[in-house]
$ cat structure.txt   # compact mmCIF, N, CA and C atoms
# COMPACT_ATOMS: atom_id res chain seq x y z
N MET A 10 103.55 129.24 75.93
CA MET A 10 102.84 128.01 76.18
C MET A 10 102.71 127.21 74.88
N SER A 11 102.93 127.84 73.74
CA SER A 11 102.73 127.15 72.48
C SER A 11 103.84 126.15 72.18
N ASP A 12 105.02 126.31 72.78
CA ASP A 12 106.12 125.39 72.45
C ASP A 12 105.96 124.02 73.09
N GLY A 13 105.14 123.89 74.10
CA GLY A 13 104.83 122.59 74.68
C GLY A 13 105.94 121.97 75.50
N TRP A 14 106.85 122.75 76.03
CA TRP A 14 107.94 122.21 76.87
C TRP A 14 107.38 121.48 78.08
N TRP A 15 106.22 121.87 78.53
CA TRP A 15 105.63 121.30 79.73
C TRP A 15 105.01 119.94 79.49
N ARG A 16 104.76 119.57 78.23
CA ARG A 16 104.10 118.29 77.93
C ARG A 16 104.95 117.08 78.34
N THR A 17 106.25 117.25 78.50
CA THR A 17 107.10 116.13 78.89
C THR A 17 106.83 115.70 80.34
N HIS A 18 106.24 116.57 81.13
CA HIS A 18 105.95 116.24 82.53
C HIS A 18 104.61 115.52 82.71
N ILE A 19 103.78 115.53 81.69
CA ILE A 19 102.47 114.89 81.76
C ILE A 19 102.63 113.42 81.34
N PRO A 20 102.21 112.47 82.19
CA PRO A 20 102.32 111.04 81.83
C PRO A 20 101.45 110.69 80.63
N GLU A 21 101.87 109.67 79.93
CA GLU A 21 101.09 109.18 78.78
C GLU A 21 99.73 108.68 79.25
N GLY A 22 98.73 108.88 78.47
CA GLY A 22 97.41 108.38 78.78
C GLY A 22 96.51 109.36 79.52
N GLU A 23 97.07 110.49 79.95
CA GLU A 23 96.24 111.50 80.62
C GLU A 23 95.78 112.53 79.59
N GLU A 24 94.48 112.70 79.51
CA GLU A 24 93.92 113.67 78.57
C GLU A 24 93.96 115.06 79.20
N ILE A 25 94.44 116.04 78.44
CA ILE A 25 94.55 117.41 78.94
C ILE A 25 93.20 118.09 78.75
N LEU A 26 92.63 118.56 79.86
CA LEU A 26 91.33 119.23 79.82
C LEU A 26 91.47 120.75 79.75
N TRP A 27 92.50 121.29 80.37
CA TRP A 27 92.67 122.75 80.42
C TRP A 27 94.13 123.08 80.68
N THR A 28 94.62 124.14 80.06
CA THR A 28 95.94 124.68 80.35
C THR A 28 95.82 126.18 80.53
N GLY A 29 96.66 126.73 81.35
CA GLY A 29 96.65 128.17 81.57
C GLY A 29 97.98 128.63 82.14
N GLN A 30 98.20 129.93 82.03
CA GLN A 30 99.40 130.55 82.58
C GLN A 30 98.99 131.74 83.43
N PRO A 31 99.86 132.13 84.36
CA PRO A 31 99.57 133.34 85.12
C PRO A 31 99.61 134.57 84.22
N HIS A 32 99.14 135.66 84.72
CA HIS A 32 99.17 136.93 83.99
C HIS A 32 100.60 137.20 83.52
N GLN A 33 100.77 137.55 82.23
CA GLN A 33 102.10 137.71 81.66
C GLN A 33 102.59 139.15 81.60
N GLY A 34 101.80 140.10 82.07
CA GLY A 34 102.22 141.49 82.04
C GLY A 34 103.23 141.81 83.12
N TYR A 35 103.66 143.05 83.15
CA TYR A 35 104.65 143.46 84.15
C TYR A 35 104.07 143.53 85.55
N PHE A 36 102.79 143.87 85.66
CA PHE A 36 102.17 144.01 86.97
C PHE A 36 101.00 143.04 87.09
N PRO A 37 101.06 142.06 88.00
CA PRO A 37 99.92 141.18 88.19
C PRO A 37 98.70 142.00 88.63
N PRO A 38 97.52 141.65 88.17
CA PRO A 38 96.35 142.50 88.38
C PRO A 38 96.06 142.91 89.82
N HIS A 39 96.10 141.99 90.77
CA HIS A 39 95.66 142.38 92.11
C HIS A 39 96.76 143.03 92.95
N VAL A 40 98.00 143.08 92.48
CA VAL A 40 99.06 143.80 93.20
C VAL A 40 99.63 144.94 92.37
N ALA A 41 98.99 145.27 91.26
CA ALA A 41 99.49 146.34 90.39
C ALA A 41 99.54 147.67 91.14
N TRP A 42 98.59 147.91 92.01
CA TRP A 42 98.57 149.17 92.76
C TRP A 42 99.80 149.28 93.65
N ALA A 43 100.24 148.17 94.24
CA ALA A 43 101.42 148.20 95.11
C ALA A 43 102.69 148.48 94.30
N TYR A 44 102.79 147.85 93.14
CA TYR A 44 103.94 148.12 92.27
C TYR A 44 103.96 149.60 91.86
N ARG A 45 102.82 150.12 91.49
CA ARG A 45 102.76 151.53 91.04
C ARG A 45 103.11 152.49 92.16
N ILE A 46 102.64 152.22 93.36
CA ILE A 46 102.98 153.07 94.51
C ILE A 46 104.48 153.01 94.79
N LEU A 47 105.06 151.81 94.71
CA LEU A 47 106.49 151.66 94.95
C LEU A 47 107.31 152.40 93.90
N ILE A 48 106.94 152.31 92.65
CA ILE A 48 107.66 153.02 91.58
C ILE A 48 107.50 154.52 91.74
N LEU A 49 106.31 154.97 92.08
CA LEU A 49 106.08 156.39 92.30
C LEU A 49 106.90 156.90 93.49
N SER A 50 106.97 156.11 94.55
CA SER A 50 107.76 156.50 95.72
C SER A 50 109.25 156.62 95.38
N LEU A 51 109.74 155.66 94.61
CA LEU A 51 111.14 155.74 94.21
C LEU A 51 111.39 156.94 93.29
N GLY A 52 110.46 157.21 92.39
CA GLY A 52 110.59 158.39 91.52
C GLY A 52 110.62 159.68 92.32
N LEU A 53 109.72 159.78 93.30
CA LEU A 53 109.72 160.97 94.16
C LEU A 53 111.00 161.08 95.00
N ALA A 54 111.51 159.94 95.44
CA ALA A 54 112.76 159.96 96.20
C ALA A 54 113.92 160.45 95.33
N TRP A 55 113.93 160.03 94.07
CA TRP A 55 114.99 160.51 93.19
C TRP A 55 114.83 162.00 92.89
N LEU A 56 113.59 162.47 92.73
CA LEU A 56 113.37 163.90 92.48
C LEU A 56 113.75 164.74 93.69
N ALA A 57 113.50 164.22 94.88
CA ALA A 57 113.79 164.96 96.10
C ALA A 57 115.21 164.73 96.62
N SER A 58 115.98 163.90 95.96
CA SER A 58 117.30 163.53 96.47
C SER A 58 118.26 164.71 96.63
N PRO A 59 118.22 165.74 95.80
CA PRO A 59 119.14 166.86 96.06
C PRO A 59 118.90 167.54 97.40
N TRP A 60 117.69 167.44 97.95
CA TRP A 60 117.39 168.12 99.21
C TRP A 60 117.59 167.23 100.44
N PHE A 61 117.46 165.91 100.30
CA PHE A 61 117.60 165.09 101.49
C PHE A 61 118.86 164.22 101.49
N ALA A 62 119.51 164.05 100.37
CA ALA A 62 120.73 163.24 100.32
C ALA A 62 121.94 164.16 100.50
N ASP A 63 122.54 164.07 101.67
CA ASP A 63 123.67 164.95 101.97
C ASP A 63 125.01 164.32 101.63
N THR A 64 125.08 163.01 101.71
CA THR A 64 126.36 162.35 101.49
C THR A 64 126.25 161.36 100.34
N LEU A 65 127.41 160.88 99.92
CA LEU A 65 127.45 159.87 98.87
C LEU A 65 126.76 158.58 99.33
N TRP A 66 126.86 158.26 100.63
CA TRP A 66 126.22 157.07 101.18
C TRP A 66 124.71 157.12 101.01
N ASP A 67 124.10 158.30 101.13
CA ASP A 67 122.65 158.44 100.92
C ASP A 67 122.27 158.08 99.48
N TYR A 68 123.10 158.49 98.53
CA TYR A 68 122.83 158.15 97.14
C TYR A 68 123.01 156.65 96.89
N TRP A 69 123.98 156.03 97.54
CA TRP A 69 124.16 154.59 97.40
C TRP A 69 122.97 153.83 97.95
N LYS A 70 122.38 154.29 99.03
CA LYS A 70 121.18 153.65 99.57
C LYS A 70 120.03 153.77 98.58
N LEU A 71 119.91 154.92 97.95
CA LEU A 71 118.85 155.13 96.96
C LEU A 71 119.08 154.26 95.72
N ILE A 72 120.31 154.17 95.27
CA ILE A 72 120.64 153.32 94.12
C ILE A 72 120.39 151.85 94.48
N GLY A 73 120.80 151.45 95.67
CA GLY A 73 120.61 150.06 96.10
C GLY A 73 119.14 149.69 96.20
N SER A 74 118.33 150.57 96.76
CA SER A 74 116.90 150.25 96.89
C SER A 74 116.22 150.23 95.53
N THR A 75 116.63 151.11 94.62
CA THR A 75 116.07 151.10 93.27
C THR A 75 116.45 149.80 92.56
N GLY A 76 117.69 149.39 92.67
CA GLY A 76 118.13 148.14 92.06
C GLY A 76 117.43 146.94 92.65
N PHE A 77 117.22 146.94 93.95
CA PHE A 77 116.53 145.83 94.61
C PHE A 77 115.08 145.72 94.14
N VAL A 78 114.40 146.83 94.04
CA VAL A 78 113.00 146.81 93.57
C VAL A 78 112.94 146.35 92.11
N ALA A 79 113.87 146.83 91.28
CA ALA A 79 113.90 146.40 89.88
C ALA A 79 114.15 144.89 89.78
N PHE A 80 115.06 144.37 90.61
CA PHE A 80 115.33 142.94 90.60
C PHE A 80 114.10 142.14 91.02
N LEU A 81 113.42 142.57 92.08
CA LEU A 81 112.22 141.85 92.53
C LEU A 81 111.13 141.84 91.46
N MET A 82 110.95 142.95 90.77
CA MET A 82 109.93 142.99 89.72
C MET A 82 110.32 142.07 88.56
N TRP A 83 111.59 142.05 88.18
CA TRP A 83 112.06 141.18 87.11
C TRP A 83 111.89 139.71 87.52
N TYR A 84 112.28 139.37 88.75
CA TYR A 84 112.21 137.99 89.22
C TYR A 84 110.76 137.51 89.30
N ASP A 85 109.86 138.36 89.75
CA ASP A 85 108.45 138.00 89.81
C ASP A 85 107.92 137.69 88.42
N ARG A 86 108.27 138.52 87.45
CA ARG A 86 107.80 138.29 86.08
C ARG A 86 108.43 137.04 85.50
N LEU A 87 109.72 136.79 85.79
CA LEU A 87 110.38 135.58 85.31
C LEU A 87 109.67 134.34 85.83
N LEU A 88 109.34 134.32 87.11
CA LEU A 88 108.65 133.16 87.68
C LEU A 88 107.28 132.95 87.04
N ARG A 89 106.57 134.03 86.75
CA ARG A 89 105.24 133.89 86.15
C ARG A 89 105.32 133.43 84.70
N THR A 90 106.35 133.85 83.94
CA THR A 90 106.44 133.45 82.54
C THR A 90 106.89 132.01 82.38
N CYS A 91 107.52 131.45 83.39
CA CYS A 91 108.02 130.07 83.31
C CYS A 91 107.07 129.07 83.94
N ARG A 92 105.84 129.44 84.16
CA ARG A 92 104.89 128.58 84.88
C ARG A 92 103.69 128.27 84.00
N VAL A 93 103.24 127.02 84.07
CA VAL A 93 102.05 126.57 83.34
C VAL A 93 101.19 125.75 84.30
N TYR A 94 99.89 125.94 84.23
CA TYR A 94 98.94 125.16 85.00
C TYR A 94 98.20 124.23 84.05
N VAL A 95 98.08 122.97 84.42
CA VAL A 95 97.44 121.98 83.56
C VAL A 95 96.47 121.17 84.40
N VAL A 96 95.29 120.93 83.87
CA VAL A 96 94.32 120.01 84.49
C VAL A 96 94.11 118.87 83.51
N THR A 97 94.39 117.66 83.97
CA THR A 97 94.18 116.47 83.16
C THR A 97 93.01 115.68 83.74
N THR A 98 92.73 114.55 83.16
CA THR A 98 91.61 113.74 83.63
C THR A 98 91.88 113.14 85.01
N ARG A 99 93.16 113.06 85.41
CA ARG A 99 93.49 112.46 86.70
C ARG A 99 94.12 113.43 87.70
N ASN A 100 94.85 114.45 87.22
CA ASN A 100 95.65 115.29 88.10
C ASN A 100 95.51 116.77 87.76
N ALA A 101 95.84 117.59 88.73
CA ALA A 101 96.03 119.03 88.52
C ALA A 101 97.53 119.29 88.65
N TRP A 102 98.13 119.92 87.65
CA TRP A 102 99.58 120.10 87.58
C TRP A 102 99.95 121.56 87.69
N TRP A 103 101.03 121.83 88.40
CA TRP A 103 101.69 123.13 88.50
C TRP A 103 103.09 122.87 87.97
N ILE A 104 103.38 123.31 86.72
CA ILE A 104 104.63 122.97 86.06
C ILE A 104 105.44 124.25 85.84
N SER A 105 106.72 124.19 86.19
CA SER A 105 107.60 125.33 86.06
C SER A 105 108.90 124.90 85.40
N LYS A 106 109.51 125.81 84.63
CA LYS A 106 110.83 125.54 84.06
C LYS A 106 111.91 125.61 85.13
N ILE A 107 111.66 126.33 86.21
CA ILE A 107 112.68 126.58 87.23
C ILE A 107 112.57 125.59 88.39
N PHE A 108 111.37 125.34 88.86
CA PHE A 108 111.15 124.48 90.02
C PHE A 108 110.59 123.12 89.59
N ARG A 109 110.62 122.17 90.53
CA ARG A 109 110.05 120.85 90.25
C ARG A 109 108.55 120.96 90.01
N PRO A 110 108.00 120.17 89.09
CA PRO A 110 106.55 120.19 88.89
C PRO A 110 105.84 119.56 90.09
N LYS A 111 104.65 120.07 90.38
CA LYS A 111 103.83 119.55 91.46
C LYS A 111 102.50 119.09 90.88
N HIS A 112 101.94 118.07 91.46
CA HIS A 112 100.61 117.63 91.02
C HIS A 112 99.86 117.04 92.20
N ILE A 113 98.55 117.09 92.07
CA ILE A 113 97.69 116.44 93.05
C ILE A 113 96.60 115.69 92.30
N PRO A 114 96.21 114.54 92.79
CA PRO A 114 95.14 113.80 92.12
C PRO A 114 93.80 114.51 92.31
N VAL A 115 93.03 114.52 91.26
CA VAL A 115 91.70 115.13 91.32
C VAL A 115 90.70 114.02 91.59
N ASP A 116 90.11 114.05 92.78
CA ASP A 116 89.09 113.09 93.15
C ASP A 116 88.05 113.79 94.02
N HIS A 117 87.13 113.04 94.57
CA HIS A 117 86.06 113.66 95.35
C HIS A 117 86.55 114.24 96.67
N ALA A 118 87.70 113.80 97.15
CA ALA A 118 88.24 114.32 98.41
C ALA A 118 88.95 115.66 98.23
N LEU A 119 89.26 116.04 97.00
CA LEU A 119 89.99 117.29 96.75
C LEU A 119 89.03 118.48 96.84
N ASN A 120 89.37 119.42 97.68
CA ASN A 120 88.57 120.64 97.82
C ASN A 120 89.32 121.80 97.20
N TYR A 121 88.63 122.60 96.43
CA TYR A 121 89.22 123.78 95.79
C TYR A 121 88.15 124.84 95.65
N HIS A 122 88.59 126.08 95.56
CA HIS A 122 87.65 127.18 95.39
C HIS A 122 88.35 128.34 94.70
N ARG A 123 87.57 129.24 94.21
CA ARG A 123 88.09 130.44 93.55
C ARG A 123 88.26 131.54 94.59
N SER A 124 89.39 132.21 94.51
CA SER A 124 89.66 133.34 95.39
C SER A 124 90.21 134.46 94.51
N GLY A 125 89.34 135.35 94.08
CA GLY A 125 89.76 136.40 93.16
C GLY A 125 90.12 135.81 91.81
N GLN A 126 91.35 136.03 91.36
CA GLN A 126 91.83 135.49 90.09
C GLN A 126 92.59 134.19 90.29
N ASN A 127 92.51 133.60 91.47
CA ASN A 127 93.26 132.38 91.80
C ASN A 127 92.30 131.21 92.01
N VAL A 128 92.84 130.01 91.80
CA VAL A 128 92.15 128.79 92.19
C VAL A 128 92.99 128.20 93.31
N VAL A 129 92.40 128.07 94.49
CA VAL A 129 93.12 127.64 95.69
C VAL A 129 92.67 126.22 96.04
N PHE A 130 93.65 125.37 96.31
CA PHE A 130 93.37 124.00 96.73
C PHE A 130 93.48 123.94 98.25
N SER A 131 92.41 123.53 98.91
CA SER A 131 92.40 123.47 100.37
C SER A 131 93.41 122.45 100.87
N ARG A 132 94.06 122.78 101.97
CA ARG A 132 95.06 121.93 102.61
C ARG A 132 96.27 121.66 101.73
N ARG A 133 96.46 122.44 100.67
CA ARG A 133 97.64 122.36 99.81
C ARG A 133 98.21 123.77 99.74
N LEU A 134 99.01 124.13 100.73
CA LEU A 134 99.46 125.51 100.88
C LEU A 134 100.29 126.01 99.71
N PHE A 135 101.06 125.15 99.10
CA PHE A 135 101.99 125.60 98.07
C PHE A 135 101.54 125.25 96.67
N LEU A 136 100.28 124.97 96.48
CA LEU A 136 99.76 124.67 95.15
C LEU A 136 98.55 125.55 94.90
N VAL A 137 98.78 126.62 94.16
CA VAL A 137 97.73 127.59 93.83
C VAL A 137 97.88 127.94 92.36
N PHE A 138 96.78 127.99 91.64
CA PHE A 138 96.80 128.51 90.28
C PHE A 138 96.59 130.02 90.40
N GLU A 139 97.67 130.80 90.25
CA GLU A 139 97.64 132.23 90.54
C GLU A 139 97.46 133.08 89.29
N TYR A 140 96.87 134.26 89.46
CA TYR A 140 96.78 135.32 88.45
C TYR A 140 96.19 134.84 87.14
N LEU A 141 95.14 134.03 87.19
CA LEU A 141 94.53 133.50 85.97
C LEU A 141 93.67 134.54 85.29
N SER A 142 93.67 134.52 83.96
CA SER A 142 92.81 135.43 83.23
C SER A 142 91.37 134.92 83.23
N ASP A 143 91.18 133.60 83.29
CA ASP A 143 89.84 133.01 83.32
C ASP A 143 89.79 131.87 84.35
N PRO A 144 89.67 132.20 85.64
CA PRO A 144 89.63 131.13 86.65
C PRO A 144 88.40 130.25 86.55
N ASP A 145 87.32 130.74 85.95
CA ASP A 145 86.12 129.92 85.81
C ASP A 145 86.36 128.73 84.88
N ALA A 146 87.19 128.91 83.86
CA ALA A 146 87.52 127.80 82.96
C ALA A 146 88.32 126.73 83.70
N ALA A 147 89.22 127.16 84.59
CA ALA A 147 89.99 126.20 85.39
C ALA A 147 89.06 125.43 86.33
N LEU A 148 88.12 126.13 86.95
CA LEU A 148 87.17 125.45 87.83
C LEU A 148 86.29 124.46 87.06
N ALA A 149 85.89 124.85 85.86
CA ALA A 149 85.08 123.93 85.05
C ALA A 149 85.87 122.68 84.68
N ALA A 150 87.15 122.84 84.35
CA ALA A 150 87.99 121.69 84.03
C ALA A 150 88.20 120.81 85.27
N LEU A 151 88.39 121.42 86.42
CA LEU A 151 88.54 120.64 87.65
C LEU A 151 87.27 119.87 87.98
N ASN A 152 86.14 120.50 87.78
CA ASN A 152 84.86 119.82 88.01
C ASN A 152 84.69 118.66 87.04
N GLN A 153 85.08 118.86 85.79
CA GLN A 153 84.99 117.80 84.79
C GLN A 153 85.91 116.64 85.14
N ALA A 154 87.13 116.95 85.62
CA ALA A 154 88.06 115.90 86.03
C ALA A 154 87.54 115.16 87.26
N ARG A 155 86.91 115.86 88.16
CA ARG A 155 86.34 115.22 89.35
C ARG A 155 85.21 114.27 88.97
N GLU A 156 84.37 114.69 88.04
CA GLU A 156 83.28 113.82 87.59
C GLU A 156 83.82 112.60 86.84
N ALA A 157 84.92 112.79 86.08
CA ALA A 157 85.49 111.67 85.34
C ALA A 157 86.16 110.65 86.26
N SER A 158 86.59 111.09 87.44
CA SER A 158 87.26 110.17 88.37
C SER A 158 86.26 109.32 89.15
N ALA A 159 85.00 109.66 89.08
CA ALA A 159 83.99 108.94 89.85
C ALA A 159 83.69 107.57 89.27

$ encode --input "structure.txt" --output "structure tokens"
Amino acid sequence: MSDGWWRTHIPEGEEILWTGQPHQGYFPPHVAWAYRILILSLGLAWLASPWFADTLWDYWKLIGSTGFVAFLMWYDRLLRTCRVYVVTTRNAWWISKIFRPKHIPVDHALNYHRSGQNVVFSRRLFLVFEYLSDPDAALAALNQAREASA
């Protein structure tokens, strides 16, 4: 976030109130248990493979499923590292290196709430500030932007 690649998407004249990124670790906090169970299951499958894998095709299925899980974990982390959330005096921005940036105007009609580590915008299905380390700071910035728009 320090290189500021995302600043090119913010129009001139908008003051930045808050910036944040999703959790940058390998396992997002609220789904870490699912990742760990999946890795443990694959490890147990590999340990038990001499007893249940009778043919070469069984090993290919195990290799394929392991590769698929590894790819999904890598892709999830890639998407999270390329994403920045920004709250300005006029808009809330979801900026990504991979996908088009999205924004919504912050005014009195905008409804949002905290859901766990996320900030969810009502009636905006595809705009969520996910896996935040401090969602209260994002809410405070949104409240400040809402008051400034009045």

$ residues_around --input "structure.txt" --residues "Arg86 of chain A" --least-positions-apart "5" --cutoff "7 Å" --atoms "all atoms listed in the file" --output "ChimeraX atom specification"
/A:33-35,81,91

$ axis_aligned_box --input "structure.txt" --around "segment 121-127 of chain A" --padding-each-side "5 Å" --output "AutoDock Vina command-line options"
--center_x 90.4 --center_y 129.5 --center_z 93.3 --size_x 15.7 --size_y 23.8 --size_z 16.3

$ select_by_dssp --input "structure.txt" --residues "segment 13-120 of chain A" --states "helix (DSSP H, G or I)" --output "PyMOL selection string"
chain A and resi 14-18+38-61+65-90

$ select_by_dssp --input "structure.txt" --residues "chain A" --states "strand (DSSP E)" --output "number ranges by chain"
A: 25-29, 92-97, 100-105, 111-114, 121-124, 127-130, 137-138

$ atom_distance --input "structure.txt" --atom1 "atom N of Thr28 of chain A" --atom2 "atom C of Asp145 of chain A"
10.6 Å

$ residues_around --input "structure.txt" --residues "segment 102-107 of chain A" --least-positions-apart "6" --cutoff "10 Å" --atoms "only C-alpha atoms" --output "ChimeraX atom specification"
/A:14-16,18-19,28-30,87-96,113-114,135-138

$ atom_distance --input "structure.txt" --atom1 "atom CA of Ala149 of chain A" --atom2 "atom C of Phe36 of chain A"
25.0 Å

$ closest_residue --input "structure.txt" --among "A:Phe61, A:Ala54, A:Phe77, A:Glu139" --to "His39 of chain A" --atoms "only C-alpha atoms"
A:Glu139

$ atom_distance --input "structure.txt" --atom1 "atom CA of Pro144 of chain A" --atom2 "atom CA of Arg45 of chain A"
24.7 Å

$ closest_residue --input "structure.txt" --among "A:Ser50, A:Ser142, A:Gln126, A:Asn120" --to "Arg155 of chain A" --atoms "only C-alpha atoms"
A:Asn120

$ closest_residue --input "structure.txt" --among "A:Leu141, A:Leu151, A:Ala146, A:Ile46" --to "Leu119 of chain A" --atoms "only C-alpha atoms"
A:Leu151

$ decode --input "structure.txt" --residues "segment 52-67 of chain A" --atoms "N, CA and C atoms" --output "JSON list (two decimals), in the first residue's frame"
[["chain", "number", "residue", "atom", "x", "y", "z"],
["A", 52, "GLY", "N", -3.39, -33.89, 3.72],
["A", 52, "GLY", "CA", -2.23, -34.57, 4.33],
["A", 52, "GLY", "C", -2.57, -35.99, 4.75],
["A", 53, "LEU", "N", -3.73, -36.16, 5.36],
["A", 53, "LEU", "CA", -4.15, -37.51, 5.75],
["A", 53, "LEU", "C", -4.41, -38.40, 4.53],
["A", 54, "ALA", "N", -4.95, -37.81, 3.47],
["A", 54, "ALA", "CA", -5.16, -38.58, 2.24],
["A", 54, "ALA", "C", -3.83, -39.05, 1.65],
["A", 55, "TRP", "N", -2.83, -38.18, 1.70],
["A", 55, "TRP", "CA", -1.53, -38.60, 1.18],
["A", 55, "TRP", "C", -0.90, -39.66, 2.07],
["A", 56, "LEU", "N", -1.07, -39.55, 3.39],
["A", 56, "LEU", "CA", -0.52, -40.57, 4.30],
["A", 56, "LEU", "C", -1.22, -41.92, 4.12],
["A", 57, "ALA", "N", -2.52, -41.88, 3.85],
["A", 57, "ALA", "CA", -3.28, -43.11, 3.70],
["A", 57, "ALA", "C", -3.30, -43.62, 2.26],
["A", 58, "SER", "N", -2.68, -42.93, 1.35],
["A", 58, "SER", "CA", -2.75, -43.30, -0.06],
["A", 58, "SER", "C", -2.22, -44.70, -0.38],
["A", 59, "PRO", "N", -1.20, -45.21, 0.31],
["A", 59, "PRO", "CA", -0.78, -46.58, -0.03],
["A", 59, "PRO", "C", -1.87, -47.62, 0.23],
["A", 60, "TRP", "N", -2.82, -47.33, 1.11],
["A", 60, "TRP", "CA", -3.86, -48.31, 1.44],
["A", 60, "TRP", "C", -5.13, -48.15, 0.60],
["A", 61, "PHE", "N", -5.42, -46.93, 0.13],
["A", 61, "PHE", "CA", -6.67, -46.78, -0.61],
["A", 61, "PHE", "C", -6.46, -46.51, -2.10],
["A", 62, "ALA", "N", -5.28, -46.13, -2.52],
["A", 62, "ALA", "CA", -5.02, -45.87, -3.93],
["A", 62, "ALA", "C", -4.49, -47.14, -4.58],
["A", 63, "ASP", "N", -5.34, -47.76, -5.38],
["A", 63, "ASP", "CA", -4.95, -49.02, -6.00],
["A", 63, "ASP", "C", -4.34, -48.83, -7.38],
["A", 64, "THR", "N", -4.76, -47.79, -8.07],
["A", 64, "THR", "CA", -4.29, -47.60, -9.44],
["A", 64, "THR", "C", -3.60, -46.26, -9.57],
["A", 65, "LEU", "N", -2.94, -46.09, -10.71],
["A", 65, "LEU", "CA", -2.28, -44.83, -11.00],
["A", 65, "LEU", "C", -3.30, -43.69, -11.11],
["A", 66, "TRP", "N", -4.50, -44.00, -11.60],
["A", 66, "TRP", "CA", -5.56, -42.99, -11.71],
["A", 66, "TRP", "C", -5.94, -42.43, -10.34],
["A", 67, "ASP", "N", -5.94, -43.25, -9.30],
["A", 67, "ASP", "CA", -6.23, -42.77, -7.94],
["A", 67, "ASP", "C", -5.19, -41.74, -7.49]]
